[in-house]
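The structure file protein.pdb is reproduced below (PDB, C-alpha atoms).
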```pdb
MODEL        1
ATOM      1  CA  MET A   1     -58.993  48.707 -29.753
ATOM      2  CA  ILE A   2     -58.349  45.494 -31.679
ATOM      3  CA  ALA A   3     -60.320  42.876 -29.760
ATOM      4  CA  TYR A   4     -60.558  40.012 -32.249
ATOM      5  CA  LEU A   5     -58.727  38.880 -35.390
ATOM      6  CA  ARG A   6     -59.417  36.125 -37.873
ATOM      7  CA  GLY A   7     -57.009  35.296 -40.646
ATOM      8  CA  ARG A   8     -54.390  32.937 -42.070
ATOM      9  CA  ALA A   9     -51.393  32.017 -39.915
ATOM     10  CA  LEU A  10     -48.315  32.899 -41.977
ATOM     11  CA  ALA A  11     -45.569  32.043 -39.484
ATOM     12  CA  VAL A  12     -45.026  30.973 -35.889
ATOM     13  CA  THR A  13     -42.081  31.640 -33.549
ATOM     14  CA  ALA A  14     -41.513  30.587 -29.944
ATOM     15  CA  GLU A  15     -43.652  33.492 -28.680
ATOM     16  CA  THR A  16     -45.551  34.973 -31.611
ATOM     17  CA  VAL A  17     -47.678  34.244 -34.621
ATOM     18  CA  ILE A  18     -48.021  36.387 -37.742
ATOM     19  CA  LEU A  19     -51.672  36.453 -38.732
ATOM     20  CA  GLU A  20     -52.625  37.787 -42.161
ATOM     21  CA  VAL A  21     -55.940  39.635 -42.098
ATOM     22  CA  ASN A  22     -57.095  41.268 -45.346
ATOM     23  CA  GLY A  23     -53.533  41.581 -46.631
ATOM     24  CA  VAL A  24     -52.106  42.947 -43.365
ATOM     25  CA  GLY A  25     -49.798  40.828 -41.190
ATOM     26  CA  TYR A  26     -50.282  41.196 -37.439
ATOM     27  CA  GLU A  27     -47.545  39.980 -35.091
ATOM     28  CA  ILE A  28     -49.244  38.645 -31.965
ATOM     29  CA  TYR A  29     -47.750  37.358 -28.706
ATOM     30  CA  CYS A  30     -49.828  34.271 -27.928
ATOM     31  CA  SER A  31     -50.738  32.196 -24.904
ATOM     32  CA  GLY A  32     -50.216  28.449 -24.936
ATOM     33  CA  GLY A  33     -53.937  27.944 -25.487
ATOM     34  CA  ALA A  34     -53.861  30.210 -28.529
ATOM     35  CA  PHE A  35     -50.843  28.413 -29.992
ATOM     36  CA  ARG A  36     -52.659  25.082 -29.741
ATOM     37  CA  LYS A  37     -55.363  26.453 -32.053
ATOM     38  CA  ILE A  38     -52.918  27.613 -34.736
ATOM     39  CA  THR A  39     -51.589  25.714 -37.727
ATOM     40  CA  VAL A  40     -49.373  27.533 -40.214
ATOM     41  CA  GLY A  41     -51.156  28.062 -43.505
ATOM     42  CA  GLU A  42     -54.619  27.623 -42.025
ATOM     43  CA  THR A  43     -57.230  30.083 -40.790
ATOM     44  CA  ALA A  44     -57.126  30.947 -37.096
ATOM     45  CA  GLU A  45     -59.063  33.257 -34.823
ATOM     46  CA  LEU A  46     -57.718  35.032 -31.755
ATOM     47  CA  TYR A  47     -59.220  37.217 -29.068
ATOM     48  CA  THR A  48     -56.715  40.019 -28.655
ATOM     49  CA  TYR A  49     -55.532  42.705 -26.265
ATOM     50  CA  LEU A  50     -53.753  45.786 -27.628
ATOM     51  CA  GLN A  51     -51.074  47.339 -25.415
ATOM     52  CA  VAL A  52     -50.055  50.885 -26.322
ATOM     53  CA  LYS A  53     -46.848  52.260 -24.801
ATOM     54  CA  GLU A  54     -44.512  55.131 -25.613
ATOM     55  CA  ASP A  55     -41.984  52.758 -27.147
ATOM     56  CA  GLY A  56     -44.435  50.746 -29.233
ATOM     57  CA  ILE A  57     -47.681  48.866 -29.715
ATOM     58  CA  THR A  58     -48.025  45.154 -28.914
ATOM     59  CA  LEU A  59     -50.818  42.676 -29.606
ATOM     60  CA  PHE A  60     -51.479  39.708 -27.329
ATOM     61  CA  GLY A  61     -53.643  36.796 -28.473
ATOM     62  CA  PHE A  62     -55.838  34.318 -26.609
ATOM     63  CA  ALA A  63     -57.799  31.198 -27.452
ATOM     64  CA  SER A  64     -61.126  32.320 -25.977
ATOM     65  CA  PRO A  65     -62.932  35.258 -24.333
ATOM     66  CA  LYS A  66     -62.547  33.454 -20.983
ATOM     67  CA  GLU A  67     -58.770  33.239 -21.376
ATOM     68  CA  LYS A  68     -58.574  36.908 -22.358
ATOM     69  CA  GLU A  69     -60.717  37.920 -19.372
ATOM     70  CA  LEU A  70     -58.444  35.943 -17.059
ATOM     71  CA  PHE A  71     -55.399  37.630 -18.601
ATOM     72  CA  LEU A  72     -56.932  41.063 -17.879
ATOM     73  CA  LYS A  73     -57.592  40.086 -14.252
ATOM     74  CA  VAL A  74     -54.058  38.769 -13.782
ATOM     75  CA  THR A  75     -52.421  41.834 -15.362
ATOM     76  CA  SER A  76     -54.513  44.151 -13.165
ATOM     77  CA  VAL A  77     -52.217  43.069 -10.309
ATOM     78  CA  SER A  78     -49.254  45.382  -9.765
ATOM     79  CA  GLY A  79     -46.026  43.809 -10.996
ATOM     80  CA  VAL A  80     -47.680  41.542 -13.561
ATOM     81  CA  GLY A  81     -47.222  42.952 -17.052
ATOM     82  CA  PRO A  82     -48.790  41.619 -20.258
ATOM     83  CA  LYS A  83     -45.791  39.467 -21.226
ATOM     84  CA  LEU A  84     -45.704  37.843 -17.781
ATOM     85  CA  GLY A  85     -49.476  37.391 -17.975
ATOM     86  CA  VAL A  86     -49.138  35.532 -21.276
ATOM     87  CA  SER A  87     -46.249  33.505 -19.849
ATOM     88  CA  ILE A  88     -48.414  32.448 -16.893
ATOM     89  CA  LEU A  89     -51.232  31.419 -19.236
ATOM     90  CA  THR A  90     -48.724  29.404 -21.246
ATOM     91  CA  SER A  91     -47.403  27.560 -18.194
ATOM     92  CA  LEU A  92     -50.893  26.961 -16.782
ATOM     93  CA  SER A  93     -54.157  26.504 -18.657
ATOM     94  CA  ALA A  94     -56.994  28.924 -17.917
ATOM     95  CA  ASP A  95     -58.731  26.267 -15.790
ATOM     96  CA  GLU A  96     -55.535  25.411 -13.902
ATOM     97  CA  LEU A  97     -54.833  29.078 -13.207
ATOM     98  CA  THR A  98     -58.346  29.913 -12.031
ATOM     99  CA  GLN A  99     -58.369  26.840  -9.776
ATOM    100  CA  ALA A 100     -54.970  27.734  -8.287
ATOM    101  CA  ILE A 101     -56.097  31.298  -7.526
ATOM    102  CA  ALA A 102     -59.517  30.265  -6.215
ATOM    103  CA  THR A 103     -57.966  27.705  -3.859
ATOM    104  CA  ALA A 104     -54.992  29.930  -2.913
ATOM    105  CA  ASP A 105     -52.505  27.361  -4.196
ATOM    106  CA  VAL A 106     -49.378  29.548  -4.198
ATOM    107  CA  LYS A 107     -47.103  26.555  -4.780
ATOM    108  CA  ARG A 108     -48.872  25.655  -7.999
ATOM    109  CA  LEU A 109     -48.911  29.270  -9.197
ATOM    110  CA  SER A 110     -45.169  29.533  -8.561
ATOM    111  CA  THR A 111     -44.549  26.812 -11.146
ATOM    112  CA  ALA A 112     -45.518  29.281 -13.894
ATOM    113  CA  LYS A 113     -42.521  30.546 -15.854
ATOM    114  CA  GLY A 114     -41.337  33.939 -14.607
ATOM    115  CA  LEU A 115     -43.700  34.012 -11.621
ATOM    116  CA  GLY A 116     -41.966  34.118  -8.233
ATOM    117  CA  LYS A 117     -43.529  33.153  -4.904
ATOM    118  CA  LYS A 118     -44.077  36.750  -3.751
ATOM    119  CA  THR A 119     -45.871  37.718  -6.941
ATOM    120  CA  ALA A 120     -47.901  34.502  -6.778
ATOM    121  CA  GLU A 121     -48.954  35.437  -3.235
ATOM    122  CA  LYS A 122     -49.889  38.914  -4.460
ATOM    123  CA  LEU A 123     -52.055  37.376  -7.210
ATOM    124  CA  VAL A 124     -53.950  35.343  -4.641
ATOM    125  CA  LEU A 125     -54.314  38.307  -2.290
ATOM    126  CA  GLU A 126     -55.514  40.818  -4.882
ATOM    127  CA  LEU A 127     -57.693  38.469  -6.931
ATOM    128  CA  HIS A 128     -59.322  36.856  -3.904
ATOM    129  CA  GLY A 129     -63.040  37.232  -4.433
ATOM    130  CA  LYS A 130     -62.641  38.264  -8.073
ATOM    131  CA  ILE A 131     -62.170  34.686  -9.267
ATOM    132  CA  SER A 132     -64.631  32.246  -7.755
ATOM    133  CA  ALA A 133     -64.303  28.483  -7.516
ATOM    134  CA  VAL A 134     -67.324  28.189  -9.822
ATOM    135  CA  GLU A 135     -65.211  29.581 -12.677
ATOM    136  CA  VAL A 136     -62.768  26.686 -12.496
ATOM    137  CA  ILE A 137     -65.256  23.898 -13.177
ATOM    138  CA  SER A 138     -64.253  22.421 -16.509
ATOM    139  CA  ALA A 139     -66.648  21.290 -19.214
ATOM    140  CA  SER A 140     -66.220  17.707 -18.004
ATOM    141  CA  GLY A 141     -67.129  18.675 -14.450
ATOM    142  CA  GLU A 142     -63.945  17.146 -13.045
ATOM    143  CA  PHE A 143     -63.401  19.819 -10.408
ATOM    144  CA  ALA A 144     -66.966  19.490  -9.151
ATOM    145  CA  GLU A 145     -66.647  15.709  -8.911
ATOM    146  CA  ASN A 146     -63.383  15.987  -6.982
ATOM    147  CA  ALA A 147     -64.985  18.377  -4.528
ATOM    148  CA  GLU A 148     -67.888  16.005  -3.931
ATOM    149  CA  THR A 149     -65.825  12.852  -3.482
ATOM    150  CA  THR A 150     -63.318  14.338  -1.068
ATOM    151  CA  ALA A 151     -63.228  12.730   2.393
ATOM    152  CA  PRO A 152     -65.153  14.638   5.097
ATOM    153  CA  LEU A 153     -63.244  16.966   7.440
ATOM    154  CA  SER A 154     -62.600  16.207  11.082
ATOM    155  CA  LYS A 155     -64.267  18.333  13.746
ATOM    156  CA  ALA A 156     -60.979  20.183  14.371
ATOM    157  CA  ASP A 157     -60.544  20.916  10.666
ATOM    158  CA  GLU A 158     -64.140  22.124  10.436
ATOM    159  CA  GLU A 159     -63.342  24.592  13.245
ATOM    160  CA  ALA A 160     -60.313  25.804  11.296
ATOM    161  CA  VAL A 161     -62.424  26.203   8.135
ATOM    162  CA  SER A 162     -65.015  28.198  10.096
ATOM    163  CA  ALA A 163     -62.276  30.447  11.499
ATOM    164  CA  LEU A 164     -60.893  31.151   8.025
ATOM    165  CA  MET A 165     -64.380  31.825   6.667
ATOM    166  CA  GLY A 166     -64.791  34.316   9.494
ATOM    167  CA  LEU A 167     -61.775  36.134   8.050
ATOM    168  CA  GLY A 168     -63.525  36.513   4.713
ATOM    169  CA  PHE A 169     -62.362  33.481   2.740
ATOM    170  CA  THR A 170     -64.871  31.260   0.918
ATOM    171  CA  LYS A 171     -65.678  27.778   2.164
ATOM    172  CA  ASN A 172     -63.870  26.139  -0.755
ATOM    173  CA  GLU A 173     -60.736  28.275  -0.289
ATOM    174  CA  SER A 174     -60.734  27.624   3.459
ATOM    175  CA  THR A 175     -61.225  23.870   3.035
ATOM    176  CA  GLN A 176     -58.424  23.552   0.477
ATOM    177  CA  ALA A 177     -56.065  25.638   2.641
ATOM    178  CA  VAL A 178     -56.780  23.517   5.738
ATOM    179  CA  LYS A 179     -56.133  20.288   3.803
ATOM    180  CA  ARG A 180     -52.805  21.636   2.533
ATOM    181  CA  ALA A 181     -51.888  22.682   6.085
ATOM    182  CA  ARG A 182     -52.567  19.122   7.303
ATOM    183  CA  ASP A 183     -50.483  17.729   4.441
ATOM    184  CA  ASN A 184     -47.662  20.046   5.516
ATOM    185  CA  GLY A 185     -47.644  18.616   9.033
ATOM    186  CA  ALA A 186     -49.957  20.893  11.037
ATOM    187  CA  LYS A 187     -51.281  19.093  14.146
ATOM    188  CA  THR A 188     -53.359  21.396  16.347
ATOM    189  CA  VAL A 189     -56.214  23.648  15.207
ATOM    190  CA  GLU A 190     -53.981  26.669  15.847
ATOM    191  CA  ASP A 191     -51.208  25.188  13.695
ATOM    192  CA  VAL A 192     -53.669  24.410  10.954
ATOM    193  CA  ILE A 193     -55.030  27.959  10.901
ATOM    194  CA  ARG A 194     -51.519  29.456  11.005
ATOM    195  CA  LYS A 195     -50.254  27.289   8.134
ATOM    196  CA  ALA A 196     -53.469  27.769   6.183
ATOM    197  CA  LEU A 197     -53.150  31.560   6.447
ATOM    198  CA  THR A 198     -49.561  31.285   5.246
ATOM    199  CA  GLY A 199     -50.783  29.303   2.238
ATOM    200  CA  LEU A 200     -53.566  31.780   1.547
TER
ENDMDL
END
```
As structure tokens - that is how I would like this structure written.
Amino acid sequence: MIAYLRGRALAVTAETVILEVNGVGYEIYCSGGAFRKITVGETAELYTYLQVKEDGITLFGFASPKEKELFLKVTSVSGVGPKLGVSILTSLSADELTQAIATADVKRLSTAKGLGKKTAEKLVLELHGKISAVEVISASGEFAENAETTAPLSKADEEAVSALMGLGFTKNESTQAVKRARDNGAKTVEDVIRKALTGL
């Protein structure tokens, strides 16, 4: 398994970089985060995943261990192959992707190139509980601040959150889903729960 490479970037295409390591050139399909770290002619380091198939071997590169770990979680979902996983991580940053999954934001996930609504829903369903809201807090703490400064819920919305938590969703996921349901026009508690479940 090739898990990490450090070398000089020889060339860059729309999807790949050729990294020279000890006289050997490795062609690596990179995420957007990885591309942002690379300058042709300069030394770069990538955390890599090696895919071995009957028709060939492919290397995928990531900017950090966290991004690689997220890629492995995403590609563990049926229907999401390595190239789609890299495409998702190019359309959304690691923090944006983890936040979208943790808060069951299917609409945001569906903006990723190549990712349809059904597959986005499957990502949320299968990775629920595997990616916590804690993982999405950025180094600047922006997500935590947003969570703290959000307006308090009404009594009806609190009931809806409690109902969703009773179904196994976390408090943060339930709260975000209820707020989106309200934004989408839900009026009664029943409507809120129904729309929230659709979003989750």
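Comparing the minimum interatomic distances between Gly25 in chain A and each of A:Leu59, A:Ala3, A:Ile101, A:Ile38, counting all atoms listed in the file, we find that A:Leu59 sits nearest.
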Result set of the PyMOL selection byres ((chain A and resi 5) around 7) on the coordinates above, as a PyMOL selection string
chain A and resi 4+6-7+45-47
Saved selection, atoms kept: C-alpha atoms, as a PDB file, keeping the file's coordinate frame:
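As written to disk, result.pdb reads:
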```
ATOM      1  CA  TYR A   4     -60.558  40.012 -32.249  1.00  0.00           C
ATOM      2  CA  ARG A   6     -59.417  36.125 -37.873  1.00  0.00           C
ATOM      3  CA  GLY A   7     -57.009  35.296 -40.646  1.00  0.00           C
ATOM      4  CA  GLU A  45     -59.063  33.257 -34.823  1.00  0.00           C
ATOM      5  CA  LEU A  46     -57.718  35.032 -31.755  1.00  0.00           C
ATOM      6  CA  TYR A  47     -59.220  37.217 -29.068  1.00  0.00           C
TER       7      TYR A  47
END
```
With a distance cut-off of 12 Å and all atoms listed in the file, select the neighbouring residues of Phe169 in chain A, excluding the residue or stretch itself and same-chain residues fewer than 6 positions from it, and output the selection as a VMD selection string.
chain A and resid 102 to 104 124 to 125 127 to 130 132 to 133 160 to 163 175 to 178 196 to 197 200
Take the residues that were just selected and, keeping C-alpha atoms, output them as an mmCIF file, keeping the file's coordinate frame.
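Result file follows (again_27.cif):
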```
data_model
loop_
_atom_site.group_PDB
_atom_site.id
_atom_site.type_symbol
_atom_site.label_atom_id
_atom_site.label_comp_id
_atom_site.auth_asym_id
_atom_site.auth_seq_id
_atom_site.Cartn_x
_atom_site.Cartn_y
_atom_site.Cartn_z
ATOM 1 C CA ALA A 102 -59.517 30.265 -6.215
ATOM 2 C CA THR A 103 -57.966 27.705 -3.859
ATOM 3 C CA ALA A 104 -54.992 29.930 -2.913
ATOM 4 C CA VAL A 124 -53.950 35.343 -4.641
ATOM 5 C CA LEU A 125 -54.314 38.307 -2.290
ATOM 6 C CA LEU A 127 -57.693 38.469 -6.931
ATOM 7 C CA HIS A 128 -59.322 36.856 -3.904
ATOM 8 C CA GLY A 129 -63.040 37.232 -4.433
ATOM 9 C CA LYS A 130 -62.641 38.264 -8.073
ATOM 10 C CA SER A 132 -64.631 32.246 -7.755
ATOM 11 C CA ALA A 133 -64.303 28.483 -7.516
ATOM 12 C CA ALA A 160 -60.313 25.804 11.296
ATOM 13 C CA VAL A 161 -62.424 26.203 8.135
ATOM 14 C CA SER A 162 -65.015 28.198 10.096
ATOM 15 C CA ALA A 163 -62.276 30.447 11.499
ATOM 16 C CA THR A 175 -61.225 23.870 3.035
ATOM 17 C CA GLN A 176 -58.424 23.552 0.477
ATOM 18 C CA ALA A 177 -56.065 25.638 2.641
ATOM 19 C CA VAL A 178 -56.780 23.517 5.738
ATOM 20 C CA ALA A 196 -53.469 27.769 6.183
ATOM 21 C CA LEU A 197 -53.150 31.560 6.447
ATOM 22 C CA LEU A 200 -53.566 31.780 1.547
#
```
Using all atoms listed in the file and a cutoff of 12 Å, can you tell me which residues are near (-55.8, 28.6, 12.1) in the file's coordinates, and write them out as a ChimeraX atom specification?
/A:156-167,174-175,177-179,181-182,186-200
Those same residues, written as a JSON list (two decimals), keeping the file's coordinate frame with C-alpha atoms?
```json
[["chain", "number", "residue", "atom", "x", "y", "z"],
["A", 156, "ALA", "CA", -60.98, 20.18, 14.37],
["A", 157, "ASP", "CA", -60.54, 20.92, 10.67],
["A", 158, "GLU", "CA", -64.14, 22.12, 10.44],
["A", 159, "GLU", "CA", -63.34, 24.59, 13.24],
["A", 160, "ALA", "CA", -60.31, 25.80, 11.30],
["A", 161, "VAL", "CA", -62.42, 26.20, 8.14],
["A", 162, "SER", "CA", -65.02, 28.20, 10.10],
["A", 163, "ALA", "CA", -62.28, 30.45, 11.50],
["A", 164, "LEU", "CA", -60.89, 31.15, 8.02],
["A", 165, "MET", "CA", -64.38, 31.82, 6.67],
["A", 166, "GLY", "CA", -64.79, 34.32, 9.49],
["A", 167, "LEU", "CA", -61.78, 36.13, 8.05],
["A", 174, "SER", "CA", -60.73, 27.62, 3.46],
["A", 175, "THR", "CA", -61.22, 23.87, 3.04],
["A", 177, "ALA", "CA", -56.06, 25.64, 2.64],
["A", 178, "VAL", "CA", -56.78, 23.52, 5.74],
["A", 179, "LYS", "CA", -56.13, 20.29, 3.80],
["A", 181, "ALA", "CA", -51.89, 22.68, 6.08],
["A", 182, "ARG", "CA", -52.57, 19.12, 7.30],
["A", 186, "ALA", "CA", -49.96, 20.89, 11.04],
["A", 187, "LYS", "CA", -51.28, 19.09, 14.15],
["A", 188, "THR", "CA", -53.36, 21.40, 16.35],
["A", 189, "VAL", "CA", -56.21, 23.65, 15.21],
["A", 190, "GLU", "CA", -53.98, 26.67, 15.85],
["A", 191, "ASP", "CA", -51.21, 25.19, 13.70],
["A", 192, "VAL", "CA", -53.67, 24.41, 10.95],
["A", 193, "ILE", "CA", -55.03, 27.96, 10.90],
["A", 194, "ARG", "CA", -51.52, 29.46, 11.00],
["A", 195, "LYS", "CA", -50.25, 27.29, 8.13],
["A", 196, "ALA", "CA", -53.47, 27.77, 6.18],
["A", 197, "LEU", "CA", -53.15, 31.56, 6.45],
["A", 198, "THR", "CA", -49.56, 31.28, 5.25],
["A", 199, "GLY", "CA", -50.78, 29.30, 2.24],
["A", 200, "LEU", "CA", -53.57, 31.78, 1.55]]
```
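Across the structure, CA of Asn184 in chain A and CA of Asn172 in chain A are spaced 18.4 Å apart.
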Compute the distance from (-55.4, 45.2, -31.6) to each atom, counting all atoms listed in the file, keep the residues with any atom at most 10 Å away, and return them as a VMD selection string; use the coordinates of the file.
chain A and resid 1 to 5 26 28 47 to 52 57 to 61
Return as JSON the box centre and box size in Å, one decimal, for an axis-aligned box around all listed atoms of range 94-109 of chain A padded by 6 Å per side.
```
{"center_x": -53.3, "center_y": 28.4, "center_z": -10.4, "size_x": 24.4, "size_y": 17.9, "size_z": 27.0}
```
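Computed from the coordinates, the CA of Ser110 in chain A to CA of Phe62 in chain A distance equals 21.5 Å.
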Residues within 8 Å of Lys113 in chain A, please, as a PyMOL selection string. Count only C-alpha atoms; anything in the same chain fewer than 6 positions from it doesn't count.
chain A and resi 87-88+91
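One distance worth recording is that between CA of Asp95 in chain A and CA of Ser31 in chain A, which is 13.5 Å.
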Distance query Gly116 in chain A at most 12 Å, only C-alpha atoms, self and fewer than 5 positions along chain excluded, as a list in words
Gly79, Val80, Leu84, Ile88, Val106, Lys107, Arg108, Leu109, Ser110, Thr111, Glu121, Lys122 and Leu123 of chain A
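The closest residue to Thr39 in chain A, picked from A:Lys117, A:Lys171, A:Arg8, A:Lys73 and counting all atoms listed in the file, is A:Arg8.
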If we count all atoms listed in the file and set the cut-off at 12 Å, which residues sit around Gly41 in chain A, ignoring sequence neighbours fewer than 2 positions away in its own chain? Please answer as a short mmCIF file (atom, residue, chain, number, x, y, z; two decimals) with C-alpha atoms, in the frame of the given file.
```
data_model
loop_
_atom_site.label_atom_id
_atom_site.label_comp_id
_atom_site.auth_asym_id
_atom_site.auth_seq_id
_atom_site.Cartn_x
_atom_site.Cartn_y
_atom_site.Cartn_z
CA GLY A 7 -57.01 35.30 -40.65
CA ARG A 8 -54.39 32.94 -42.07
CA ALA A 9 -51.39 32.02 -39.92
CA LEU A 10 -48.32 32.90 -41.98
CA ALA A 11 -45.57 32.04 -39.48
CA VAL A 12 -45.03 30.97 -35.89
CA VAL A 17 -47.68 34.24 -34.62
CA ILE A 18 -48.02 36.39 -37.74
CA LEU A 19 -51.67 36.45 -38.73
CA GLU A 20 -52.62 37.79 -42.16
CA ILE A 38 -52.92 27.61 -34.74
CA THR A 39 -51.59 25.71 -37.73
CA THR A 43 -57.23 30.08 -40.79
CA ALA A 44 -57.13 30.95 -37.10
#
```
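For the residues A:Ala94, A:Thr13, A:Asp55, A:Leu72, ranking by smallest atom-to-atom distance to Gly33 in chain A using all atoms listed in the file places A:Ala94 first.
Nearest-residue note for Ser78 in chain A: choosing from A:Thr119, A:Ser64, A:Thr90, A:Gln99, the minimum distance belongs to A:Thr119, counting all atoms listed in the file.
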Would you mind completing range 36-44 of chain A so that it carries all heavy atoms, and writing it out as a PDB file, in the coordinates of the input?
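Below is the file that was written, result-v6.pdb:
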```
ATOM      1  N   ARG A  36     -52.111  26.416 -29.457  1.00  0.00           N
ATOM      2  CA  ARG A  36     -52.659  25.082 -29.741  1.00  0.00           C
ATOM      3  C   ARG A  36     -53.752  25.120 -30.809  1.00  0.00           C
ATOM      4  O   ARG A  36     -54.083  24.099 -31.413  1.00  0.00           O
ATOM      5  CB  ARG A  36     -53.174  24.432 -28.452  1.00  0.00           C
ATOM      6  CG  ARG A  36     -52.057  23.935 -27.536  1.00  0.00           C
ATOM      7  CD  ARG A  36     -52.592  23.101 -26.398  1.00  0.00           C
ATOM      8  NE  ARG A  36     -53.283  23.885 -25.397  1.00  0.00           N
ATOM      9  CZ  ARG A  36     -52.671  24.498 -24.374  1.00  0.00           C
ATOM     10  NH1 ARG A  36     -51.349  24.407 -24.246  1.00  0.00           N
ATOM     11  NH2 ARG A  36     -53.364  25.189 -23.498  1.00  0.00           N
ATOM     12  N   LYS A  37     -54.307  26.313 -31.050  1.00  0.00           N
ATOM     13  CA  LYS A  37     -55.363  26.453 -32.053  1.00  0.00           C
ATOM     14  C   LYS A  37     -54.808  26.793 -33.435  1.00  0.00           C
ATOM     15  O   LYS A  37     -55.555  26.834 -34.406  1.00  0.00           O
ATOM     16  CB  LYS A  37     -56.322  27.573 -31.637  1.00  0.00           C
ATOM     17  CG  LYS A  37     -57.173  27.282 -30.426  1.00  0.00           C
ATOM     18  CD  LYS A  37     -58.074  28.472 -30.097  1.00  0.00           C
ATOM     19  CE  LYS A  37     -59.007  28.820 -31.240  1.00  0.00           C
ATOM     20  NZ  LYS A  37     -59.914  29.924 -30.897  1.00  0.00           N
ATOM     21  N   ILE A  38     -53.502  27.072 -33.508  1.00  0.00           N
ATOM     22  CA  ILE A  38     -52.918  27.613 -34.736  1.00  0.00           C
ATOM     23  C   ILE A  38     -52.118  26.571 -35.518  1.00  0.00           C
ATOM     24  O   ILE A  38     -51.291  25.857 -34.952  1.00  0.00           O
ATOM     25  CB  ILE A  38     -52.025  28.828 -34.397  1.00  0.00           C
ATOM     26  CG1 ILE A  38     -52.883  29.969 -33.835  1.00  0.00           C
ATOM     27  CG2 ILE A  38     -51.244  29.293 -35.618  1.00  0.00           C
ATOM     28  CD1 ILE A  38     -52.080  31.095 -33.242  1.00  0.00           C
ATOM     29  N   THR A  39     -52.375  26.532 -36.798  1.00  0.00           N
ATOM     30  CA  THR A  39     -51.589  25.714 -37.727  1.00  0.00           C
ATOM     31  C   THR A  39     -51.166  26.623 -38.877  1.00  0.00           C
ATOM     32  O   THR A  39     -52.022  27.296 -39.480  1.00  0.00           O
ATOM     33  CB  THR A  39     -52.420  24.543 -38.287  1.00  0.00           C
ATOM     34  OG1 THR A  39     -52.863  23.719 -37.196  1.00  0.00           O
ATOM     35  CG2 THR A  39     -51.586  23.709 -39.243  1.00  0.00           C
ATOM     36  N   VAL A  40     -49.881  26.664 -39.145  1.00  0.00           N
ATOM     37  CA  VAL A  40     -49.373  27.533 -40.214  1.00  0.00           C
ATOM     38  C   VAL A  40     -50.043  27.187 -41.537  1.00  0.00           C
ATOM     39  O   VAL A  40     -50.154  26.023 -41.910  1.00  0.00           O
ATOM     40  CB  VAL A  40     -47.834  27.408 -40.345  1.00  0.00           C
ATOM     41  CG1 VAL A  40     -47.330  28.197 -41.550  1.00  0.00           C
ATOM     42  CG2 VAL A  40     -47.152  27.891 -39.080  1.00  0.00           C
ATOM     43  N   GLY A  41     -50.504  28.243 -42.214  1.00  0.00           N
ATOM     44  CA  GLY A  41     -51.156  28.062 -43.505  1.00  0.00           C
ATOM     45  C   GLY A  41     -52.660  27.932 -43.421  1.00  0.00           C
ATOM     46  O   GLY A  41     -53.350  27.990 -44.444  1.00  0.00           O
ATOM     47  N   GLU A  42     -53.177  27.768 -42.198  1.00  0.00           N
ATOM     48  CA  GLU A  42     -54.619  27.623 -42.025  1.00  0.00           C
ATOM     49  C   GLU A  42     -55.219  28.835 -41.319  1.00  0.00           C
ATOM     50  O   GLU A  42     -54.517  29.636 -40.709  1.00  0.00           O
ATOM     51  CB  GLU A  42     -54.941  26.350 -41.235  1.00  0.00           C
ATOM     52  CG  GLU A  42     -54.533  25.080 -41.958  1.00  0.00           C
ATOM     53  CD  GLU A  42     -55.000  23.829 -41.228  1.00  0.00           C
ATOM     54  OE1 GLU A  42     -55.708  23.959 -40.197  1.00  0.00           O
ATOM     55  OE2 GLU A  42     -54.642  22.729 -41.674  1.00  0.00           O
ATOM     56  N   THR A  43     -56.535  28.960 -41.412  1.00  0.00           N
ATOM     57  CA  THR A  43     -57.230  30.083 -40.790  1.00  0.00           C
ATOM     58  C   THR A  43     -57.298  29.894 -39.277  1.00  0.00           C
ATOM     59  O   THR A  43     -57.558  28.786 -38.785  1.00  0.00           O
ATOM     60  CB  THR A  43     -58.661  30.226 -41.353  1.00  0.00           C
ATOM     61  OG1 THR A  43     -58.580  30.476 -42.753  1.00  0.00           O
ATOM     62  CG2 THR A  43     -59.393  31.387 -40.684  1.00  0.00           C
ATOM     63  N   ALA A  44     -57.056  30.983 -38.565  1.00  0.00           N
ATOM     64  CA  ALA A  44     -57.126  30.947 -37.096  1.00  0.00           C
ATOM     65  C   ALA A  44     -57.855  32.195 -36.605  1.00  0.00           C
ATOM     66  O   ALA A  44     -57.905  33.215 -37.294  1.00  0.00           O
ATOM     67  CB  ALA A  44     -55.726  30.898 -36.504  1.00  0.00           C
TER      68      ALA A  44
END
```
